[in-house]
Each structure stands twice: as C-alpha cells, then as structure tokens.
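Engineer: Just so it is clear, I am handing over entry.cif, which has mmCIF, C-alpha atoms and all ligand atoms.
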```cif
data_start
#
loop_
_atom_site.group_PDB
_atom_site.id
_atom_site.type_symbol
_atom_site.label_atom_id
_atom_site.label_comp_id
_atom_site.auth_asym_id
_atom_site.auth_seq_id
_atom_site.Cartn_x
_atom_site.Cartn_y
_atom_site.Cartn_z
ATOM 1 C CA MET A 1 -12.159 9.013 -1.981
ATOM 2 C CA PRO A 2 -12.688 5.466 -3.285
ATOM 3 C CA SER A 3 -9.958 3.102 -2.161
ATOM 4 C CA ILE A 4 -7.747 1.223 -4.625
ATOM 5 C CA ALA A 5 -8.420 -2.127 -2.959
ATOM 6 C CA GLY A 6 -12.160 -1.440 -3.085
ATOM 7 C CA LEU A 7 -12.035 -0.669 -6.797
ATOM 8 C CA VAL A 8 -9.942 -3.766 -7.502
ATOM 9 C CA CYS A 9 -12.351 -5.920 -5.470
ATOM 10 C CA ALA A 10 -15.319 -4.522 -7.369
ATOM 11 C CA ALA A 11 -13.593 -5.087 -10.711
ATOM 12 C CA ALA A 12 -12.650 -8.671 -9.804
ATOM 13 C CA ALA A 13 -16.176 -9.400 -8.582
ATOM 14 C CA GLY A 14 -17.532 -7.953 -11.815
ATOM 15 C CA ILE A 15 -15.221 -10.110 -13.944
ATOM 16 C CA ALA A 16 -16.058 -13.222 -11.907
ATOM 17 C CA LEU A 17 -19.799 -12.571 -12.231
ATOM 18 C CA TRP A 18 -19.426 -11.882 -15.934
ATOM 19 C CA VAL A 19 -17.495 -15.126 -16.501
ATOM 20 C CA ILE A 20 -19.946 -17.252 -14.495
ATOM 21 C CA HIS A 21 -23.005 -15.526 -15.915
ATOM 22 C CA GLY A 22 -21.641 -15.682 -19.460
ATOM 23 C CA ARG A 23 -20.974 -19.405 -19.109
ATOM 24 C CA LEU A 24 -24.431 -20.142 -17.717
ATOM 25 C CA VAL A 25 -26.249 -18.036 -20.293
ATOM 26 C CA GLY A 26 -24.120 -19.459 -23.100
ATOM 27 C CA HIS A 27 -24.817 -23.015 -21.998
ATOM 28 C CA TRP A 28 -28.498 -22.291 -21.517
ATOM 29 C CA ILE A 29 -28.725 -20.892 -25.054
ATOM 30 C CA GLU A 30 -26.786 -23.861 -26.479
ATOM 31 C CA VAL A 31 -29.023 -26.384 -24.751
ATOM 32 C CA HIS A 32 -32.262 -24.618 -25.555
ATOM 33 C CA THR A 33 -31.456 -23.805 -29.159
ATOM 34 C CA GLY A 34 -30.310 -27.373 -29.786
ATOM 35 C CA THR A 35 -26.815 -26.443 -30.987
ATOM 36 C CA VAL A 36 -25.258 -28.892 -28.542
ATOM 37 C CA ASN A 37 -25.688 -32.562 -29.202
ATOM 38 C CA GLU A 38 -23.610 -34.093 -26.464
ATOM 39 C CA PRO A 39 -22.642 -37.581 -27.600
ATOM 40 C CA GLY A 40 -21.223 -39.059 -24.403
ATOM 41 C CA PRO A 41 -20.712 -38.589 -20.697
ATOM 42 C CA TYR A 42 -17.065 -37.482 -21.081
ATOM 43 C CA TYR A 43 -17.799 -34.969 -23.782
ATOM 44 C CA GLY A 44 -20.623 -33.707 -21.625
ATOM 45 C CA PHE A 45 -18.251 -33.383 -18.689
ATOM 46 C CA TRP A 46 -15.511 -31.537 -20.570
ATOM 47 C CA SER A 47 -17.825 -29.183 -22.387
ATOM 48 C CA GLY A 48 -19.935 -28.661 -19.309
ATOM 49 C CA PHE A 49 -18.542 -28.533 -15.816
ATOM 50 C CA GLY A 50 -15.014 -29.581 -16.848
ATOM 51 C CA SER A 51 -14.433 -26.552 -19.030
ATOM 52 C CA ASP A 52 -15.413 -24.389 -16.098
ATOM 53 C CA LEU A 53 -12.297 -25.535 -14.258
ATOM 54 C CA ALA A 54 -10.206 -23.207 -16.428
ATOM 55 C CA GLU A 55 -12.447 -20.354 -15.424
ATOM 56 C CA PHE A 56 -12.114 -21.284 -11.783
ATOM 57 C CA GLY A 57 -8.375 -21.070 -12.394
ATOM 58 C CA VAL A 58 -8.758 -17.597 -13.858
ATOM 59 C CA ILE A 59 -10.944 -16.539 -10.958
ATOM 60 C CA GLY A 60 -8.391 -18.032 -8.570
ATOM 61 C CA ALA A 61 -5.597 -16.081 -10.227
ATOM 62 C CA ILE A 62 -7.623 -12.876 -9.996
ATOM 63 C CA GLY A 63 -8.429 -13.681 -6.375
ATOM 64 C CA THR A 64 -4.747 -14.237 -5.579
ATOM 65 C CA GLY A 65 -3.821 -10.987 -7.288
ATOM 66 C CA VAL A 66 -6.486 -9.125 -5.379
ATOM 67 C CA TYR A 67 -5.374 -10.761 -2.134
ATOM 68 C CA GLN A 68 -1.781 -9.689 -2.708
ATOM 69 C CA LEU A 69 -2.856 -6.174 -3.640
ATOM 70 C CA VAL A 70 -4.973 -6.012 -0.509
ATOM 71 C CA LYS A 71 -2.041 -7.375 1.496
ATOM 72 C CA LYS A 72 0.133 -4.624 0.076
ATOM 73 C CA TYR A 73 -2.310 -1.807 0.631
ATOM 74 C CA ASN A 74 -4.360 -2.796 3.628
ATOM 75 C CA CYS A 75 -3.775 -1.677 7.170
ATOM 76 C CA HIS A 76 -0.948 -3.529 8.910
ATOM 77 C CA TYR A 77 -2.938 -3.805 12.123
ATOM 78 C CA PRO A 78 -3.711 -7.524 12.671
ATOM 79 C CA GLY A 79 -7.114 -8.434 11.273
ATOM 80 C CA CYS A 80 -7.826 -5.002 9.824
ATOM 81 C CA TRP A 81 -9.016 -4.874 6.221
ATOM 82 C CA ARG A 82 -9.202 -1.125 5.750
ATOM 83 C CA VAL A 83 -6.872 0.539 3.276
ATOM 84 C CA GLY A 84 -3.798 1.634 5.172
ATOM 85 C CA ASN A 85 -2.611 4.795 3.494
ATOM 86 C CA HIS A 86 -1.246 6.508 6.604
ATOM 87 C CA GLN A 87 2.433 5.929 7.216
ATOM 88 C CA ALA A 88 3.607 5.337 10.748
ATOM 89 C CA ALA A 89 7.083 4.913 12.234
ATOM 90 C CA GLY A 90 8.737 6.515 9.228
ATOM 91 C CA GLY A 91 7.002 4.319 6.668
ATOM 92 C CA GLN A 92 7.444 0.967 8.430
ATOM 93 C CA PHE A 93 3.681 0.622 8.761
ATOM 94 C CA SER A 94 0.790 1.562 6.541
ATOM 95 C CA LEU A 95 -2.167 2.038 8.825
ATOM 96 C CA CYS A 96 -5.767 3.058 8.441
ATOM 97 C CA TYR A 97 -6.987 6.161 10.243
ATOM 98 C CA ARG A 98 -8.471 3.954 12.959
ATOM 99 C CA HIS A 99 -5.202 2.294 13.862
ATOM 100 C CA HIS A 100 -2.787 5.152 13.251
ATOM 101 C CA PRO A 101 -1.557 6.320 16.646
ATOM 102 C CA ASP A 102 -1.795 10.003 15.679
ATOM 103 C CA TYR A 103 -5.504 9.874 14.863
ATOM 104 C CA GLN A 104 -6.764 8.197 18.063
ATOM 105 C CA GLY A 105 -9.252 6.009 16.217
ATOM 106 C CA LYS A 106 -11.015 8.888 14.464
ATOM 107 C CA LYS A 107 -10.832 10.265 10.976
ATOM 108 C CA PRO A 108 -8.373 13.147 10.991
ATOM 109 C CA THR A 109 -10.225 16.383 11.497
ATOM 110 C CA HIS A 110 -9.258 19.751 10.060
ATOM 111 C CA GLU A 111 -7.740 20.739 13.418
ATOM 112 C CA LEU A 112 -5.741 17.526 13.695
ATOM 113 C CA ILE A 113 -4.373 17.901 10.157
ATOM 114 C CA GLN A 114 -3.351 21.476 10.930
ATOM 115 C CA GLN A 115 -1.787 20.433 14.222
ATOM 116 C CA LEU A 116 0.115 17.475 12.758
ATOM 117 C CA HIS A 117 1.317 19.599 9.864
ATOM 118 C CA ARG A 118 2.594 22.239 12.302
ATOM 119 C CA GLU A 119 4.293 19.591 14.415
ATOM 120 C CA HIS A 120 5.876 18.104 11.307
ATOM 121 C CA LEU A 121 7.218 21.514 10.239
ATOM 122 C CA GLU A 122 8.551 22.148 13.737
ATOM 123 C CA ARG A 123 10.275 18.793 13.727
ATOM 124 C CA GLN A 124 11.769 19.467 10.310
ATOM 125 C CA GLN A 125 12.949 22.844 11.491
ATOM 126 C CA ALA A 126 14.405 21.359 14.657
ATOM 127 C CA ILE A 127 16.312 18.773 12.623
ATOM 128 C CA TYR A 128 17.504 21.433 10.206
ATOM 129 C CA GLY A 129 18.455 23.694 13.112
ATOM 130 C CA LYS A 130 20.419 20.878 14.747
ATOM 131 C CA LEU A 131 22.266 20.132 11.530
ATOM 132 C CA HIS A 132 22.980 23.801 11.072
ATOM 133 C CA GLU A 133 24.188 24.038 14.651
ATOM 134 C CA VAL A 134 26.471 21.028 14.232
ATOM 135 C CA HIS A 135 27.783 22.477 11.002
ATOM 136 C CA GLU A 136 28.445 25.834 12.665
ATOM 137 C CA HIS A 137 30.100 24.056 15.555
ATOM 138 C CA VAL A 138 32.378 22.047 13.269
ATOM 139 C CA THR A 139 33.349 25.047 11.129
ATOM 140 C CA ALA A 140 33.942 27.178 14.260
ATOM 141 C CA LYS A 141 36.160 24.445 15.676
ATOM 142 C CA GLN A 142 38.084 24.197 12.426
ATOM 143 C CA ALA A 143 38.464 27.974 12.261
ATOM 144 C CA ALA A 144 39.673 28.013 15.853
ATOM 145 C CA ALA A 145 42.078 25.178 15.140
ATOM 146 C CA ASN A 146 43.427 26.959 12.079
ATOM 147 C CA GLY A 147 43.574 30.280 13.927
ATOM 148 C CA THR A 148 45.641 29.027 16.843
ATOM 149 C CA ASP A 149 47.699 26.851 14.629
ATOM 150 C CA ASP A 150 51.359 27.126 15.414
ATOM 151 C CA PRO A 151 53.408 26.723 12.201
ATOM 152 C CA ALA A 152 55.942 24.648 14.107
ATOM 153 C CA ARG A 153 53.272 22.150 15.260
ATOM 154 C CA ARG A 154 51.464 21.958 11.943
ATOM 155 C CA VAL A 155 51.220 18.486 10.531
ATOM 156 C CA ARG A 156 53.009 18.396 7.221
ATOM 157 C CA PRO A 157 50.519 17.825 4.388
ATOM 158 C CA ARG A 158 50.824 14.386 2.875
HETATM 159 ZN ZN ZN B 1 -6.555 -0.580 10.635
#
```
What is this file in structure tokens?
Structural biologist:
Amino acid sequence: MPSIAGLVCAAAAGIALWVIHGRLVGHWIEVHTGTVNEPGPYYGFWSGFGSDLAEFGVIGAIGTGVYQLVKKYNCHYPGCWRVGNHQAAGGQFSLCYRHHPDYQGKKPTHELIQQLHREHLERQQAIYGKLHEVHEHVTAKQAAANGTDDPARRVRPR
C-alpha cells in the first residue's frame, strides 16, 4: 500500500522539478530565440534570478505543507520517518510497525493479526462482561433494597 506521505512527497518533488525545469527551459528558449532584450542589470535581475524568488516561496510553502503532513502522519518514535498508521496507547501515538510495541519490530504477520484481533475481542468482551456484571450488581442491590423496604422507614419522595 503506498503511503500518503510518500505520495505527497512525490507530488511535491514533481511540482518543484516542473517549476524549476519550466523556468530554465523557458529562459533558455527566450534567450536563444532572441525574444528577451534585457536592457539593464536590474531588469535582468528581476526577470532572471529575482523572479525565481517567488517560486522558491511556492516551493517553500509546499515544503512546509509536506513537512506538516509528514509530522501529522509519521511515526511518533523520535527520528523515525516511516508512516505511523498503527495506534498505540489508545490513540495517543501513531507508530510504524517497527516501533509499535505489539509488532516487535516486524511487519505484522497473519498469525499476529489473528492473535491481536482475538485478544482485542477478548478484551472487549471482558469490558462488556464487567459492565454487565456491575449493572446486574446494581439492579440486584436495588431490587434487594426495594424488597426489604419497610414502609415505615421509606424516605418520603420529594
Ligand atoms: Zn517508527
């Protein structure tokens, strides 16, 4: 599966190359076809290198965007640039398979996926069972309280 960050990086690199290449080719054609007659050093600067500054700005903006996207999607392990699409600690961390504690530094195998899925279901069931138990307990207590309720000791409803 191609990663989002990878695709974004490739797209940004493509745009950057296209902008730089387009500028160079355009300038080369202008110079060699004689359409540019640069009258002075300042005009030459602003139509030449100077006008590239805007494109550096665009590239910078794309770079910043990519950096933030990468920051958002990459593994939270310090210094790791893989895509972190595995949640750990209930979603506090997005980790890559290498740094996720459940995977022990390996890509999850079929067995591990099966095992983790089973464990997850068991946990869910345990939580549900606990809740159910608590609920039963509370209702039983209430029933018992109501059952042994002495009308004389009953708190008058407000
Ligand atoms: Zn990692």
Engineer: With distances taken over all atoms listed in the file, which of A:Lys72, A:His132, A:Arg98, A:His120 is nearest to ligand ZN 1 (chain B)?
Structural biologist: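 Once distances to ligand ZN 1 (chain B) are computed over all atoms listed in the file, the minimum belongs to A:Arg98.
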Engineer: Just so the selection is clear, what residues does the PyMOL selection byres (((chain A and resi 88) around 12) and not hetatm) cover here, as JSON, numbers by chain?
Structural biologist: {"A": [75, 76, 77, 84, 85, 86, 87, 89, 90, 91, 92, 93, 94, 95, 96, 97, 99, 100, 101, 102, 103]}
Engineer: Just the selected residues (C-alpha atoms), exported as a compact mmCIF listing (two decimals), keeping the file's coordinate frame, please.
Structural biologist:
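So the final result, stored in result19.txt, reads:
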```txt
# COMPACT_ATOMS: atom_id res chain seq x y z
CA CYS A 75 -3.78 -1.68 7.17
CA HIS A 76 -0.95 -3.53 8.91
CA TYR A 77 -2.94 -3.80 12.12
CA GLY A 84 -3.80 1.63 5.17
CA ASN A 85 -2.61 4.80 3.49
CA HIS A 86 -1.25 6.51 6.60
CA GLN A 87 2.43 5.93 7.22
CA ALA A 89 7.08 4.91 12.23
CA GLY A 90 8.74 6.52 9.23
CA GLY A 91 7.00 4.32 6.67
CA GLN A 92 7.44 0.97 8.43
CA PHE A 93 3.68 0.62 8.76
CA SER A 94 0.79 1.56 6.54
CA LEU A 95 -2.17 2.04 8.82
CA CYS A 96 -5.77 3.06 8.44
CA TYR A 97 -6.99 6.16 10.24
CA HIS A 99 -5.20 2.29 13.86
CA HIS A 100 -2.79 5.15 13.25
CA PRO A 101 -1.56 6.32 16.65
CA ASP A 102 -1.80 10.00 15.68
CA TYR A 103 -5.50 9.87 14.86
```
Engineer: Any idea what the distance is between atom CA of A:Thr139 and atom CA of A:Gln125?
Structural biologist: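 Distance reported for this atom pair: 20.5 Å.
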Engineer: Just how far from atom CA of A:Leu116 is atom CA of A:Tyr73, in Å to one decimal?
Structural biologist: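 Answer for the atom CA of A:Tyr73 to atom CA of A:Leu116 separation: 22.9 Å.
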Engineer: Using all atoms listed in the file, can you tell me which of A:Ala144, A:Val58, A:Cys80, A:Val66 comes closest to ligand ZN 1 (chain B)?
Structural biologist: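 Once distances to ligand ZN 1 (chain B) are computed over all atoms listed in the file, the minimum belongs to A:Cys80.
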Engineer: Measuring between only C-alpha atoms and all ligand atoms, which one of A:Val70, A:Leu53, A:Leu131, A:Val83 shows the shortest distance to ligand ZN 1 (chain B)?
Structural biologist: A:Val83
Engineer: Grab the atom ZN of ligand ZN 1 (chain B) to atom CA of A:Ile62 distance for me, in Å with one decimal place.
Structural biologist: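 Value for the atom ZN of ligand ZN 1 (chain B)-atom CA of A:Ile62 distance: 24.0 Å.
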